[in-house]
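S.K.: Starting off with a structure, shown below.
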Amino acid sequence: MPLIDGNFRLERPAIEELHRIGPIVEVEIRIPQPLQRRLAEEGQSIPHPISGIAVIDTGASITGVEMNVLQSLGIQPVSRVILHTPSGPATTYLYPVSLILNPRSPNPLGFDFGAVASVSLGQLPIPGGQLIALLGRDFLRRCVLIYHGPQARFTLCL
Amino acid sequence: MANEPLELEYKFYESKRAEFLKKYSGKVLLIRGEERIGVFDSEQQAYEEGVNRFGNEAFLVIRVVPQEKEVIATFPALYTGVIYATN
């Protein structure tokens, strides 16, 4: 059952790319809507959205966004979370953001994330742009993700 | 003076955790400094109230749960440094 838009589909038929990189989507990271409204009411400038590429990462329990992106947007953290790492537990901060999928399409889809983890993704060259986010299972809980290996395609339904 | 973001708020929360668990278990608290500002059903509600009151300043939004039930995040690909491998 579609949750948001039954006609929405993201499909990337690039044969080798899907196998090599995994399912990727264009994303735009914005400050959360309540903060946009507040800044607008105060006549302050609203930071420009930052565009890039997100990998759908079924191994990630929550969504992570590149820390430089969050710093550029000037958002304040609202909480923190414990990370399990090979070298032991670590802490990172959680930030509220608005995340837009397929921002250049006629029907971009927006999500208000209560909290994404600040992560360091480095300068990973992903075809089509810079990797700025890992979409984790907190995102996937809203979706149906079909990964069709033999046809080298994936479909994301909302 | 707190050095890390939300350090003061977390110290306050930890000092009151037992009390908060008795009163507000499962609810979401909005905390600023050493003051509980409000109690909400969702993080979104708490965040909106925080923005209304404090704009883009730091405040803590936290769901009241026992320590053993706090969220732990995992990013296996990130930890191993392998988002994707090429030959």
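Chain lettering (A, B, ...) mirrors the order of the structure tokens, residue numbering begins at 1 for each chain separately, and ligand numbering begins at 1 in order of display.
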Residues of chain A within 8 Å of chain B: nearest atom pair and distance (Å, one decimal) for each, counting only C-alpha atoms, sorted by chain and number, as CSV?

M.R.:
```
residue,atom,partner,partner_atom,distance
A:Arg20,CA,B:Tyr84,CA,6.8
A:Ile21,CA,B:Tyr84,CA,5.5
A:Gly22,CA,B:Tyr84,CA,7.9
A:Pro34,CA,B:Glu48,CA,5.9
A:Leu35,CA,B:Val51,CA,6.3
A:Arg38,CA,B:Gly55,CA,6.6
A:Leu39,CA,B:Gly55,CA,7.7
A:Gly59,CA,B:Pro76,CA,6.1
A:Ala60,CA,B:Phe75,CA,4.4
A:Ser61,CA,B:Thr74,CA,5.4
A:Ile62,CA,B:Ala73,CA,6.3
A:Ile75,CA,B:Asn56,CA,6.9
A:Gln76,CA,B:Ala58,CA,5.5
A:Pro77,CA,B:Ala58,CA,6.7
A:Val78,CA,B:Leu60,CA,4.9
A:Ser79,CA,B:Leu60,CA,5.6
A:Val81,CA,B:Ile72,CA,6.2
A:Ile82,CA,B:Ile72,CA,5.0
A:Leu83,CA,B:Ala73,CA,4.9
A:His84,CA,B:Thr74,CA,5.6
A:Thr85,CA,B:Tyr79,CA,5.9
A:Pro86,CA,B:Tyr79,CA,6.7
A:Gly114,CA,B:Gln44,CA,6.1
A:Leu121,CA,B:Leu78,CA,7.6
```

S.K.: As a list in words, please: all residues of segment 20-95 of chain A that backbone DSSP puts in helix (DSSP H, G or I).

M.R.: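 These are the residues in question: Arg20, Ile21, Gln33, Pro34, Leu35, Gln36, Arg37, Arg38, Leu39, Ala40, Glu41, Met67, Asn68, Val69, Leu70, Gln71, Ser72 and Leu73 of chain A.
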
S.K.: Hey, what's within 12 Å of Val25 of chain A if we count only C-alpha atoms and toss same-chain stuff fewer than 2 positions away? As a PyMOL selection string, please?

M.R.: chain A and resi 9-12+18+21-23+27-28+51-57+99-105+108-109+126-135+154-156

S.K.: Would you put the residues from that selection into a file with C-alpha atoms, as a short mmCIF file (atom, residue, chain, number, x, y, z; two decimals), in the first residue's frame?

M.R.:
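So the final result, stored in out.cif, reads:
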```
data_model
loop_
_atom_site.label_atom_id
_atom_site.label_comp_id
_atom_site.auth_asym_id
_atom_site.auth_seq_id
_atom_site.Cartn_x
_atom_site.Cartn_y
_atom_site.Cartn_z
CA ARG A 9 9.13 5.09 -8.42
CA LEU A 10 12.87 5.49 -8.47
CA GLU A 11 14.55 3.25 -10.95
CA ARG A 12 18.16 3.22 -12.06
CA LEU A 18 23.93 -0.74 -9.43
CA ILE A 21 27.77 1.04 -5.98
CA GLY A 22 24.36 -0.08 -4.84
CA PRO A 23 21.07 1.75 -5.00
CA VAL A 27 18.95 14.01 -2.49
CA GLU A 28 18.76 17.52 -1.21
CA SER A 51 22.44 18.54 -3.08
CA GLY A 52 24.27 15.27 -3.54
CA ILE A 53 23.90 11.53 -3.69
CA ALA A 54 22.56 9.14 -1.08
CA VAL A 55 23.18 5.40 -0.92
CA ILE A 56 20.34 3.26 0.36
CA ASP A 57 22.16 1.32 3.07
CA LEU A 99 15.44 15.49 3.05
CA ILE A 100 14.19 15.75 -0.54
CA LEU A 101 14.45 12.75 -2.85
CA ASN A 102 14.81 13.32 -6.59
CA PRO A 103 14.83 17.11 -6.13
CA ARG A 104 15.13 17.81 -9.85
CA SER A 105 12.20 15.61 -10.85
CA PRO A 108 10.26 15.52 -5.62
CA LEU A 109 9.47 13.85 -2.34
CA ILE A 126 29.99 8.65 -6.57
CA PRO A 127 28.84 8.91 -10.20
CA GLY A 128 26.50 11.87 -10.50
CA GLY A 129 27.75 13.81 -7.52
CA GLN A 130 29.15 13.75 -4.03
CA LEU A 131 28.02 11.19 -1.50
CA ILE A 132 26.32 13.12 1.30
CA ALA A 133 23.96 10.64 2.94
CA LEU A 134 23.34 7.02 3.84
CA LEU A 135 19.63 6.25 3.90
CA PHE A 154 15.98 -1.43 -7.91
CA THR A 155 12.61 0.05 -7.21
CA LEU A 156 11.66 2.16 -4.26
#
```

S.K.: Determine the nearest neighbour of Ser120 of chain A from the options A:Val65, A:Ile31, A:Val97, A:Ala40, counting only C-alpha atoms.

M.R.: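 Residue with the minimum atom-to-atom distance to Ser120 of chain A: A:Val65.
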
S.K.: So that I can see what lies close to Lys22 of chain B, please list as an MDAnalysis selection string the residues with an atom at most 12 Å from it, counting only C-alpha atoms and leaving out residues fewer than 6 positions away in the same chain.

M.R.: chainID B and resid 16 64:66
